[in-house]
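Notes follow the structure.
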Amino acid sequence: MRILSFNLWDAPLVSKQRTTRIQAFCELLRTNRRGDGQPRWHVVALQELFLPDSRLAVEQAATAGGLVHMRHFVSGTAMPHGGHGCGCSILSVYPITASIFHRYQVNGFPENLHHWDFQAGKGVGLCRLDGGQDGYGQLDMYVTHLIGEYSEGPK
């Protein structure tokens, strides 16, 4: 089984070349099938997939690449430009039979708007996958995005 974990850095206003990066990643997802017909990745765990247009593009590309089962975990509050939630998602070739999300109690400070940790409502998501078609049985796949360590530089 091959698993990819990737931070898309899909934060509006601060992410440089956000649209170009999302488009390039979507092209990778669309071409997820190798020459032998097998998927390059069976499961993809994403962090910082915040914006609705990005989420839609990723969903369409993932479906085209055979990752037809997906779960986007939503928590937190609304962010600029329509962003919402913790940004964590799981894409899978295997059916998702159950999912749950646990929001972390420590999530940054609401007054630090430019950090977005508090607004995102970070936590850990779990998807239970049915990998029986490939002999894996029930699989638990977790995705998380932790709080960044913000500093003013070396001390």
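So you can find residues: chains in the structure tokens are A, B, ... in the order shown, residues in each start at 1, and ligands are numbered from 1 in order.
Within the 7 Å cut-off around range 53-67 of chain A, using only C-alpha atoms and omitting residues fewer than 2 positions from it on the same chain, the listed residues are Ile22, Cys26, Glu27, Leu29, Arg30, Thr31, Asn32, Arg33, Leu49, Leu51, His69, Leu91, Ser92 and Val93 of chain A.
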Residues as selected, N, CA, C and O atoms, written as a PDB file, in the first residue's frame, can you do that?
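See out.pdb below for the written result:
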ATOM      1  N   ILE A  22      -1.945  24.315  -6.398  1.00  0.00           N
ATOM      2  CA  ILE A  22      -3.141  23.464  -6.375  1.00  0.00           C
ATOM      3  C   ILE A  22      -3.338  22.804  -7.744  1.00  0.00           C
ATOM      4  O   ILE A  22      -3.636  21.611  -7.828  1.00  0.00           O
ATOM      5  N   CYS A  26      -3.316  18.831  -8.461  1.00  0.00           N
ATOM      6  CA  CYS A  26      -4.475  18.200  -9.096  1.00  0.00           C
ATOM      7  C   CYS A  26      -4.048  17.361 -10.301  1.00  0.00           C
ATOM      8  O   CYS A  26      -4.600  16.281 -10.537  1.00  0.00           O
ATOM      9  N   GLU A  27      -3.069  17.828 -11.038  1.00  0.00           N
ATOM     10  CA  GLU A  27      -2.573  17.050 -12.174  1.00  0.00           C
ATOM     11  C   GLU A  27      -1.950  15.738 -11.680  1.00  0.00           C
ATOM     12  O   GLU A  27      -2.131  14.683 -12.308  1.00  0.00           O
ATOM     13  N   LEU A  29      -2.903  14.103  -9.027  1.00  0.00           N
ATOM     14  CA  LEU A  29      -4.024  13.246  -8.645  1.00  0.00           C
ATOM     15  C   LEU A  29      -4.712  12.654  -9.866  1.00  0.00           C
ATOM     16  O   LEU A  29      -5.086  11.479  -9.868  1.00  0.00           O
ATOM     17  N   ARG A  30      -4.893  13.461 -10.906  1.00  0.00           N
ATOM     18  CA  ARG A  30      -5.551  12.970 -12.131  1.00  0.00           C
ATOM     19  C   ARG A  30      -4.771  11.819 -12.765  1.00  0.00           C
ATOM     20  O   ARG A  30      -5.354  10.931 -13.379  1.00  0.00           O
ATOM     21  N   THR A  31      -3.469  11.832 -12.610  1.00  0.00           N
ATOM     22  CA  THR A  31      -2.625  10.789 -13.213  1.00  0.00           C
ATOM     23  C   THR A  31      -2.180   9.771 -12.158  1.00  0.00           C
ATOM     24  O   THR A  31      -1.066   9.250 -12.226  1.00  0.00           O
ATOM     25  N   ASN A  32      -3.052   9.496 -11.221  1.00  0.00           N
ATOM     26  CA  ASN A  32      -2.723   8.587 -10.122  1.00  0.00           C
ATOM     27  C   ASN A  32      -2.540   7.145 -10.573  1.00  0.00           C
ATOM     28  O   ASN A  32      -1.899   6.361  -9.893  1.00  0.00           O
ATOM     29  N   ARG A  33      -3.085   6.777 -11.714  1.00  0.00           N
ATOM     30  CA  ARG A  33      -2.946   5.402 -12.210  1.00  0.00           C
ATOM     31  C   ARG A  33      -1.603   5.223 -12.902  1.00  0.00           C
ATOM     32  O   ARG A  33      -1.218   6.021 -13.743  1.00  0.00           O
ATOM     33  N   LEU A  49      -5.953  22.246   3.196  1.00  0.00           N
ATOM     34  CA  LEU A  49      -6.859  22.371   2.054  1.00  0.00           C
ATOM     35  C   LEU A  49      -8.061  23.179   2.554  1.00  0.00           C
ATOM     36  O   LEU A  49      -9.078  22.633   2.946  1.00  0.00           O
ATOM     37  N   LEU A  51      -9.708  26.237   1.071  1.00  0.00           N
ATOM     38  CA  LEU A  51     -10.649  27.017   0.270  1.00  0.00           C
ATOM     39  C   LEU A  51     -11.586  26.145  -0.563  1.00  0.00           C
ATOM     40  O   LEU A  51     -11.172  25.113  -1.101  1.00  0.00           O
ATOM     41  N   HIS A  69     -13.151   7.929  -2.895  1.00  0.00           N
ATOM     42  CA  HIS A  69     -13.711   8.044  -1.544  1.00  0.00           C
ATOM     43  C   HIS A  69     -12.947   9.150  -0.817  1.00  0.00           C
ATOM     44  O   HIS A  69     -11.714   9.141  -0.789  1.00  0.00           O
ATOM     45  N   LEU A  91      -8.258  11.146   1.054  1.00  0.00           N
ATOM     46  CA  LEU A  91      -8.724  10.633  -0.231  1.00  0.00           C
ATOM     47  C   LEU A  91      -8.301   9.174  -0.301  1.00  0.00           C
ATOM     48  O   LEU A  91      -7.190   8.828   0.104  1.00  0.00           O
ATOM     49  N   SER A  92      -9.159   8.304  -0.842  1.00  0.00           N
ATOM     50  CA  SER A  92      -8.846   6.876  -0.791  1.00  0.00           C
ATOM     51  C   SER A  92      -9.435   6.120  -1.972  1.00  0.00           C
ATOM     52  O   SER A  92     -10.508   6.472  -2.471  1.00  0.00           O
ATOM     53  N   VAL A  93      -8.730   5.081  -2.400  1.00  0.00           N
ATOM     54  CA  VAL A  93      -9.302   4.143  -3.363  1.00  0.00           C
ATOM     55  C   VAL A  93     -10.235   3.169  -2.639  1.00  0.00           C
ATOM     56  O   VAL A  93     -11.069   2.524  -3.269  1.00  0.00           O
TER      57      VAL A  93
END
Apply DSSP to the structure's backbone, then extract all residues of chain A labelled helix (DSSP H, G or I) and return them as a compact mmCIF listing (two decimals) with N, CA and C atoms, in the first residue's frame.
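states_16.txt, freshly written:
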# COMPACT_ATOMS: atom_id res chain seq x y z
N ARG A 18 -0.35 29.97 -4.74
CA ARG A 18 -1.35 29.02 -4.27
C ARG A 18 -2.07 28.34 -5.43
N THR A 19 -2.56 29.11 -6.38
CA THR A 19 -3.33 28.54 -7.49
C THR A 19 -2.47 27.61 -8.33
N THR A 20 -1.24 28.01 -8.63
CA THR A 20 -0.33 27.18 -9.41
C THR A 20 -0.04 25.87 -8.69
N ARG A 21 0.16 25.94 -7.37
CA ARG A 21 0.46 24.74 -6.59
C ARG A 21 -0.74 23.78 -6.58
N ILE A 22 -1.94 24.31 -6.40
CA ILE A 22 -3.14 23.46 -6.38
C ILE A 22 -3.34 22.80 -7.74
N GLN A 23 -3.15 23.56 -8.82
CA GLN A 23 -3.29 23.01 -10.16
C GLN A 23 -2.29 21.88 -10.41
N ALA A 24 -1.04 22.09 -10.00
CA ALA A 24 -0.01 21.06 -10.19
C ALA A 24 -0.34 19.81 -9.39
N PHE A 25 -0.82 19.99 -8.16
CA PHE A 25 -1.17 18.84 -7.33
C PHE A 25 -2.36 18.10 -7.94
N CYS A 26 -3.32 18.83 -8.46
CA CYS A 26 -4.47 18.20 -9.10
C CYS A 26 -4.05 17.36 -10.30
N GLU A 27 -3.07 17.83 -11.04
CA GLU A 27 -2.57 17.05 -12.17
C GLU A 27 -1.95 15.74 -11.68
N LEU A 28 -1.24 15.77 -10.56
CA LEU A 28 -0.70 14.53 -9.98
C LEU A 28 -1.83 13.56 -9.61
N LEU A 29 -2.90 14.10 -9.03
CA LEU A 29 -4.02 13.25 -8.65
C LEU A 29 -4.71 12.65 -9.87
N ARG A 30 -4.89 13.46 -10.91
CA ARG A 30 -5.55 12.97 -12.13
C ARG A 30 -4.77 11.82 -12.77
N PRO A 52 -12.85 26.57 -0.68
CA PRO A 52 -13.83 25.77 -1.41
C PRO A 52 -13.45 25.48 -2.86
N ASP A 53 -12.88 26.46 -3.57
CA ASP A 53 -12.51 26.22 -4.96
C ASP A 53 -11.38 25.19 -5.05
N SER A 54 -10.45 25.24 -4.13
CA SER A 54 -9.37 24.25 -4.10
C SER A 54 -9.91 22.87 -3.77
N ARG A 55 -10.81 22.82 -2.80
CA ARG A 55 -11.39 21.53 -2.39
C ARG A 55 -12.14 20.89 -3.56
N LEU A 56 -12.89 21.68 -4.31
CA LEU A 56 -13.62 21.16 -5.45
C LEU A 56 -12.67 20.64 -6.52
N ALA A 57 -11.62 21.40 -6.82
CA ALA A 57 -10.64 20.98 -7.82
C ALA A 57 -9.96 19.69 -7.40
N VAL A 58 -9.59 19.58 -6.13
CA VAL A 58 -8.94 18.36 -5.62
C VAL A 58 -9.90 17.17 -5.69
N GLU A 59 -11.16 17.38 -5.33
CA GLU A 59 -12.15 16.30 -5.40
C GLU A 59 -12.30 15.78 -6.82
N GLN A 60 -12.41 16.69 -7.79
CA GLN A 60 -12.58 16.28 -9.18
C GLN A 60 -11.35 15.54 -9.70
N ALA A 61 -10.17 16.04 -9.38
CA ALA A 61 -8.93 15.40 -9.82
C ALA A 61 -8.76 14.04 -9.16
N ALA A 62 -9.07 13.96 -7.86
CA ALA A 62 -8.94 12.69 -7.14
C ALA A 62 -9.87 11.64 -7.73
N THR A 63 -11.09 12.02 -8.02
CA THR A 63 -12.06 11.09 -8.63
C THR A 63 -11.54 10.59 -9.97
N ALA A 64 -11.00 11.49 -10.78
CA ALA A 64 -10.45 11.11 -12.09
C ALA A 64 -9.28 10.14 -11.93
N PRO A 80 -10.76 34.20 6.01
CA PRO A 80 -10.85 35.08 4.84
C PRO A 80 -11.00 34.30 3.54
N HIS A 81 -11.71 34.90 2.60
CA HIS A 81 -11.89 34.37 1.25
C HIS A 81 -12.61 33.03 1.24
N GLY A 82 -13.46 32.78 2.21
CA GLY A 82 -14.28 31.56 2.21
C GLY A 82 -13.62 30.35 2.82
N ASP A 117 -4.36 29.46 13.47
CA ASP A 117 -4.48 28.19 14.19
C ASP A 117 -5.80 28.09 14.94
N PHE A 118 -6.16 29.16 15.65
CA PHE A 118 -7.40 29.14 16.41
C PHE A 118 -8.60 29.05 15.48
N GLN A 119 -8.60 29.86 14.42
CA GLN A 119 -9.73 29.90 13.51
C GLN A 119 -9.91 28.56 12.78
N ALA A 120 -8.80 27.89 12.48
CA ALA A 120 -8.88 26.62 11.74
C ALA A 120 -9.47 25.50 12.58
N GLY A 132 -10.41 -4.55 2.13
CA GLY A 132 -10.59 -5.97 1.90
C GLY A 132 -10.33 -6.40 0.47
N GLN A 133 -10.62 -5.53 -0.50
CA GLN A 133 -10.43 -5.91 -1.91
C GLN A 133 -8.97 -6.23 -2.22
N ASP A 134 -8.05 -5.67 -1.42
CA ASP A 134 -6.62 -5.95 -1.62
C ASP A 134 -6.04 -6.79 -0.48
Pick from A:Pro95, A:Gly87, A:Leu146, A:Gly125, whichever lies nearest to Asn107 in chain A using only C-alpha atoms: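 Using only C-alpha atoms, the shortest distance to Asn107 in chain A belongs to A:Leu146.
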Picked from range 93-134 of chain A by DSSP as strand (DSSP E), as an NGL selection string: :A and (96-103 or 123-130)
Write out, as a compact mmCIF listing (two decimals), in the first residue's frame, the residues just selected, with all heavy atoms.
# COMPACT_ATOMS: atom_id res chain seq x y z
N ILE A 96 -14.68 4.37 2.60
CA ILE A 96 -14.60 4.88 3.98
C ILE A 96 -15.86 4.40 4.69
O ILE A 96 -16.97 4.74 4.30
CB ILE A 96 -14.50 6.41 4.00
CG1 ILE A 96 -13.21 6.85 3.30
CG2 ILE A 96 -14.57 6.94 5.43
CD1 ILE A 96 -13.10 8.36 3.07
N THR A 97 -15.68 3.59 5.72
CA THR A 97 -16.83 3.01 6.42
C THR A 97 -17.22 3.80 7.67
O THR A 97 -18.34 3.65 8.15
CB THR A 97 -16.56 1.54 6.80
OG1 THR A 97 -15.42 1.48 7.65
CG2 THR A 97 -16.32 0.71 5.55
N ALA A 98 -16.30 4.60 8.20
CA ALA A 98 -16.60 5.42 9.37
C ALA A 98 -15.56 6.53 9.45
O ALA A 98 -14.44 6.40 8.93
CB ALA A 98 -16.56 4.57 10.65
N SER A 99 -15.93 7.62 10.11
CA SER A 99 -14.97 8.70 10.32
C SER A 99 -15.35 9.48 11.56
O SER A 99 -16.51 9.49 11.99
CB SER A 99 -14.90 9.64 9.11
OG SER A 99 -16.13 10.31 8.93
N ILE A 100 -14.33 10.10 12.15
CA ILE A 100 -14.54 10.92 13.35
C ILE A 100 -13.44 11.97 13.38
O ILE A 100 -12.36 11.78 12.83
CB ILE A 100 -14.52 10.05 14.63
CG1 ILE A 100 -15.01 10.86 15.83
CG2 ILE A 100 -13.16 9.43 14.86
CD1 ILE A 100 -15.31 10.00 17.05
N PHE A 101 -13.73 13.09 14.04
CA PHE A 101 -12.75 14.17 14.18
C PHE A 101 -12.69 14.60 15.64
O PHE A 101 -13.73 14.74 16.29
CB PHE A 101 -13.13 15.37 13.30
CG PHE A 101 -12.14 16.49 13.36
CD1 PHE A 101 -10.99 16.45 12.59
CD2 PHE A 101 -12.36 17.59 14.17
CE1 PHE A 101 -10.06 17.47 12.64
CE2 PHE A 101 -11.43 18.62 14.23
CZ PHE A 101 -10.29 18.57 13.46
N HIS A 102 -11.48 14.79 16.15
CA HIS A 102 -11.30 15.30 17.50
C HIS A 102 -10.53 16.62 17.42
O HIS A 102 -9.39 16.65 16.95
CB HIS A 102 -10.52 14.30 18.37
CG HIS A 102 -10.20 14.84 19.73
ND1 HIS A 102 -11.14 14.95 20.72
CD2 HIS A 102 -9.04 15.34 20.23
CE1 HIS A 102 -10.56 15.48 21.80
NE2 HIS A 102 -9.30 15.72 21.51
N ARG A 103 -11.16 17.68 17.87
CA ARG A 103 -10.52 18.99 17.86
C ARG A 103 -9.61 19.12 19.08
O ARG A 103 -10.00 18.78 20.20
CB ARG A 103 -11.57 20.10 17.87
CG ARG A 103 -10.97 21.47 17.76
CD ARG A 103 -12.03 22.54 17.61
NE ARG A 103 -11.41 23.86 17.69
CZ ARG A 103 -12.02 24.98 17.40
NH1 ARG A 103 -13.28 24.95 17.01
NH2 ARG A 103 -11.40 26.12 17.50
N GLY A 123 -7.03 19.65 14.68
CA GLY A 123 -7.31 18.43 15.42
C GLY A 123 -6.80 17.23 14.65
O GLY A 123 -5.94 17.35 13.78
N VAL A 124 -7.37 16.08 14.95
CA VAL A 124 -6.98 14.84 14.27
C VAL A 124 -8.25 14.18 13.73
O VAL A 124 -9.27 14.09 14.40
CB VAL A 124 -6.20 13.88 15.22
CG1 VAL A 124 -7.01 13.51 16.44
CG2 VAL A 124 -5.73 12.66 14.46
N GLY A 125 -8.17 13.75 12.46
CA GLY A 125 -9.27 13.05 11.83
C GLY A 125 -8.91 11.60 11.61
O GLY A 125 -7.76 11.26 11.34
N LEU A 126 -9.89 10.75 11.73
CA LEU A 126 -9.72 9.32 11.52
C LEU A 126 -10.73 8.83 10.50
O LEU A 126 -11.92 9.16 10.60
CB LEU A 126 -9.94 8.55 12.84
CG LEU A 126 -10.22 7.05 12.73
CD1 LEU A 126 -9.03 6.29 12.18
CD2 LEU A 126 -10.66 6.48 14.06
N CYS A 127 -10.28 8.08 9.52
CA CYS A 127 -11.17 7.37 8.60
C CYS A 127 -10.88 5.89 8.70
O CYS A 127 -9.72 5.48 8.65
CB CYS A 127 -10.93 7.81 7.15
SG CYS A 127 -11.63 9.41 6.75
N ARG A 128 -11.91 5.12 8.85
CA ARG A 128 -11.77 3.66 8.79
C ARG A 128 -12.06 3.24 7.35
O ARG A 128 -13.10 3.58 6.79
CB ARG A 128 -12.74 2.97 9.74
CG ARG A 128 -12.64 1.46 9.63
CD ARG A 128 -13.00 0.75 10.88
NE ARG A 128 -11.98 1.02 11.89
CZ ARG A 128 -12.19 0.83 13.20
NH1 ARG A 128 -13.34 0.40 13.63
NH2 ARG A 128 -11.24 1.08 14.06
N LEU A 129 -11.10 2.56 6.76
CA LEU A 129 -11.18 2.18 5.35
C LEU A 129 -11.39 0.67 5.23
O LEU A 129 -10.86 -0.09 6.04
CB LEU A 129 -9.89 2.56 4.62
CG LEU A 129 -9.39 3.99 4.82
CD1 LEU A 129 -8.04 4.19 4.13
CD2 LEU A 129 -10.41 4.99 4.33
N ASP A 130 -12.12 0.27 4.22
CA ASP A 130 -12.32 -1.14 3.94
C ASP A 130 -11.36 -1.55 2.83
O ASP A 130 -11.65 -1.41 1.64
CB ASP A 130 -13.76 -1.41 3.52
CG ASP A 130 -14.02 -2.88 3.23
OD1 ASP A 130 -13.10 -3.71 3.41
OD2 ASP A 130 -15.15 -3.19 2.83
Option closest in space to Cys88 in chain A, from A:Gln38, A:Ser15, A:Gln105, A:Asn7 [counting only C-alpha atoms]: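 The shortest atom-to-atom distance to Cys88 in chain A comes from A:Asn7.
Across the structure, CA of Ala45 in chain A and CA of Gly137 in chain A are spaced 19.2 Å apart.
Among the candidates A:Glu48, A:Asp36, A:Asp10, A:Asp140, the one nearest to Lys122 in chain A when counting only C-alpha atoms is A:Glu48.
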Residue contacts of Ile90 in chain A (6 Å, only C-alpha atoms) excluding same-chain residues fewer than 6 positions away, as a PyMOL selection string: chain A and resi 44-45+70-71
